[in-house]
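What follows is a set of notes on a single structure, which appears directly below.
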Amino acid sequence: MRVTIAEIAQALNYPYLQNGDGIVTGVSIDSRAVNKGDLFVALAGEQTDGHNYLAQALEQGAAGVVISREDAIAEYGLQNYILAEDGAVFLQTLAHWLRQNTDIPVIAVTGSTGKTSTKDFLAAVLAPLGDVVVTKGNHNNELGMPLTICRLEEDTKAMVVEMGMRGLGQIDFLCNIAQPKYGLITNIGKTHCELLGSQENIAQAKCELLAHIPSDGVIALNSSDRALIAPWLDTCKGRIVWYDATGRDKNAEYRAENIIQHAEGITYELHAGDYSEKIHLAVHGVHNVSNSMAAIAIAREVGVDWKSIVSALAQAKLTGMRLDITKNADGVTVINDAYNANPDSMKSAISVLMNQEGSRKIAVLGDMYELGKYEEQSHREVGNEAAVQHVDYLIAVGQLGALIGESAQMAGCRVDFAKDNAEASSLLRQYIKTGDAVLVKGSRGMKMEQIVQSLMG
């Protein structure tokens with residue numbers, strides 16, 4: 001991004017003042033993170049008002065500021081500013097304008113689970129194209145996604161935008177800004193049922209992406225969700241590519257077979273029509289087979305060759321706290337999967353635990369949030385899975401985690417119950433010994449990385 005304050009304001013029809021060159025090279029809404037050349041957008045929220053940090057932003061080298069309070073002009077002696085009634089709307093409008101002025105492939109990633117991991121795989125397989133802008137952290141909402149678009153540069157070759165969803169209409173809103181040519185939906189799970197009521201409603205919300213894929217675009221869809229997605233397939237003007245990680249759908253364009261989990265990661269055979277390729281992932285969790293296949297499908301559509309894809313996936317790393325496997329000073333294998341949790345990823349993580357070397361396999365499992373009417377059933381299913389896979393010892397953390405523990409205990413697993421992370425850590429310290437393997441997993445709100453930190457000392 002390299003554009004003047006005047007060019008932005010005139011294009012978007014906002015009042016402004018520019019003294020000097022006024023060249024903007026980035027955008028920030030956090031005064032602490034302002035870099036030289038950034039345009040600082042002062043958002044006025046319920047908790048804080050960005051106008052209180054204008055001086056700090058300018059001291060750190062902001063090229064200019066976006067304000068909604070005219071009194072700030074005189075108060076701070078502003079010389080380079082854009083006056084916008086609503087800073088958030090300005091940011092979204094700016095992002096839309098920047099998107100309209102580029103013809104690079106824009107790929108939208110959504111789904112109930114696996115969005116970030118799939119985004120990480122996409123970043124890896126698209127890297128051979130050149131500079132790729134990819135969503136950072138949790139920048140997948142009405143503020144974060146526009147900030148991602150504002151990172152576009154002249155030499156950017158592709159952009160991957162992750163789209164979160166907490167209600168109907170949100171994916172549609174984000175797509176209107178990003179205008180994706182390519183898209184993928186990782187899966188339709190039960191997360192967000194608390195807000196939307198059912199998987200069918202979740203499917204409707206996620207499938208808002210379909211209507212935004214143009215006639216020359218492509219969307220990759222998970223074959224396991226065909227029934228849930230079917231009502232909205234006709235809204236897609238572009239081509240639909242199906243991928244299947246179960247081996248059951250012989251008609252899917254991309255199919256996985258002979259999946260093997262091992263200490264170094266996962267290996268599987270990928271079949272794309274008459275073409276076959278052996279894929280190695282240097283990450284754990286069988287659910288990542290599906291995530292990687294979605295990335296492969298899109299990479300092939302934008303022209304990445306097979307050799308580059310295979311090489312990239314063999315080296316791809318995932319964002320932290322997603323099945324990170326390390327050993328502590330006492331020789332205990334620690335699997336940190338504390339970033340988030342849902343029924344499928346819980347079961348997959350238990351499989352990863354059971355595939356580790358170790359004298360005893362220990363699972364520390366906490367609450368899974370936003371499951372709505374599926375809440376009790378899902379927690380009990382996870383507990384039963386832990387027992388079926390013969391976990392040696394399970395610590396159930398939290399009120400909902402107790403349902404996991406009760407189910408596992410009824411199925412014959414040794415279980416202790418902890419009201420919080422501190423109690424879970426205390427129980428672990430009393431039990432573990434050199435050679436054990438420990439899985440720690442729960443929803444983000446549980447902050448179960450605290451248990452991992454206790455294990456790692």
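Letters A, B, ... go to the chains of the structure tokens in the order shown; residues in each chain start at 1; ligands are counted from 1 in the same order.
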Legend entry - Selection near Leu353 of chain A, 10 Å with only C-alpha atoms, sequence-local residues under 6 positions removed, as a PyMOL selection string: chain A and resi 284-285+323+325+333-335+347+360-363+389+391+437-440
Inset, instruction - Return the single residue from A:Ala72, A:Ala178, A:Ala42, A:Leu147 that is closest to Arg99 of chain A, with distances computed using only C-alpha atoms. - result: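 The closest residue to Arg99 of chain A is A:Ala178.
For the choices A:Met346, A:Ala55, A:Met159, A:Val241, the atom-to-atom distance to Asn222 of chain A is smallest for A:Val241 when using only C-alpha atoms.
Of the residues listed (A:Val452, A:Ser223, A:Ile213, A:Leu371), A:Val452 shows the shortest atom-to-atom separation from Asp324 of chain A; distances use only C-alpha atoms.
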Inset, instruction - For Ala127 of chain A, list every protein, DNA or RNA residue within 12 Å, evaluated using only C-alpha atoms, and leave out those in the same chain fewer than 3 positions away; present the list as number ranges by chain. - result: A: 120-124, 130-134, 156-160, 299, 302-305, 308-309, 311-313, 315-316
Inset, instruction - Rank nothing, just name the residue among A:Ala63, A:Ala57, A:Ala338, A:Cys150 nearest to Gln100 of chain A, using only C-alpha atoms. - result: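 Ranked by minimum distance to Gln100 of chain A, first place goes to A:Cys150.
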Inset, instruction - Please return as an MDAnalysis selection string: the residues of segment 70-152 of chain A that backbone DSSP assigns to alpha helix (DSSP H). - result: chainID A and resid 71:76 87:100 115:126 144:149
Inset, instruction - Would you list the contacts of Asp244 of chain A as a PyMOL selection string, taking every protein, DNA or RNA residue within 10 Å and counting only C-alpha atoms, but skipping same-chain residues closer than 4 positions in sequence? - result: chain A and resi 221-225+248-257+270-271+289-290+293-294
Inset, instruction - Rank A:Gln179, A:Asn141, A:Gln170, A:Thr135 by their smallest atom-to-atom distance to Leu98 of chain A, using only C-alpha atoms, and report the top residue only. - result: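 Closest to Leu98 of chain A of all the choices is A:Gln179.
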DSSP on the backbone: what in segment 254-379 of chain A comes out strand (DSSP E), as a compact mmCIF listing (two decimals) with C-alpha atoms, in the first residue's frame?
```
# COMPACT_ATOMS: atom_id res chain seq x y z
CA TYR A 254 -9.84 -34.71 -4.59
CA ARG A 255 -9.78 -37.86 -2.45
CA ALA A 256 -7.55 -39.05 0.38
CA GLU A 257 -6.74 -42.68 1.04
CA ASN A 258 -4.36 -44.71 3.23
CA ILE A 259 -3.98 -42.05 5.94
CA ILE A 260 -1.15 -42.88 8.33
CA GLN A 261 -0.44 -40.97 11.54
CA HIS A 262 3.10 -41.23 12.85
CA GLY A 265 3.10 -36.07 11.29
CA ILE A 266 0.70 -37.56 8.74
CA THR A 267 1.10 -39.25 5.36
CA TYR A 268 -1.71 -39.91 2.91
CA GLU A 269 -2.35 -40.71 -0.75
CA LEU A 270 -4.08 -37.94 -2.66
CA HIS A 271 -6.07 -38.79 -5.79
CA ALA A 272 -7.14 -36.05 -8.18
CA TYR A 275 -3.39 -38.24 -10.87
CA SER A 276 -2.04 -39.55 -7.56
CA GLU A 277 0.45 -38.01 -5.15
CA LYS A 278 1.84 -38.98 -1.74
CA ILE A 279 1.39 -36.10 0.70
CA HIS A 280 3.35 -35.68 3.90
CA LEU A 281 2.26 -33.19 6.56
CA ASP A 324 2.27 -28.33 19.32
CA ILE A 325 4.28 -31.30 20.60
CA THR A 326 7.31 -30.78 22.85
CA LYS A 327 9.06 -32.46 25.78
CA THR A 333 5.71 -35.29 26.04
CA VAL A 334 3.33 -32.32 26.11
CA ILE A 335 0.71 -31.84 23.37
CA ASN A 336 -0.50 -28.25 23.48
CA ASP A 337 -3.82 -28.00 21.65
CA LYS A 361 -1.33 -41.46 27.86
CA ILE A 362 -2.97 -38.65 29.84
CA ALA A 363 -5.69 -36.30 28.58
CA VAL A 364 -6.57 -33.00 30.24
CA LEU A 365 -9.83 -31.94 28.61
```
Legend entry - Distance query Gly405 of chain A at most 8 Å, only C-alpha atoms, self and fewer than 5 positions along chain excluded, as a PyMOL selection string: chain A and resi 380+383+394-396+415-417
Legend entry - Among listed residues A:Trp232, A:Tyr431, A:Tyr76, A:Tyr53, nearest Glu200 of chain A (using only C-alpha atoms):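 Using only C-alpha atoms, Glu200 of chain A sits closest to A:Trp232.
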Inset, instruction - List the neighbours of Arg226 of chain A out to 10 Å using only C-alpha atoms; skip same-chain residues closer than 6 positions along the sequence, and give me the result as a list in words. - result: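 With the cut-off at 10 Å, the set is Asn187, Ile188, Leu233 and Trp242 of chain A.
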Inset, instruction - Find the residues near Thr93 of chain A: any atom within 12 Å, counting only C-alpha atoms, skip ones fewer than 3 places away on the same chain, and give them as an NGL selection string. - result: :A and (8-9 or 11-14 or 84 or 86-90 or 96-100 or 142-143 or 145-147 or 149-150 or 173-174 or 176-178)
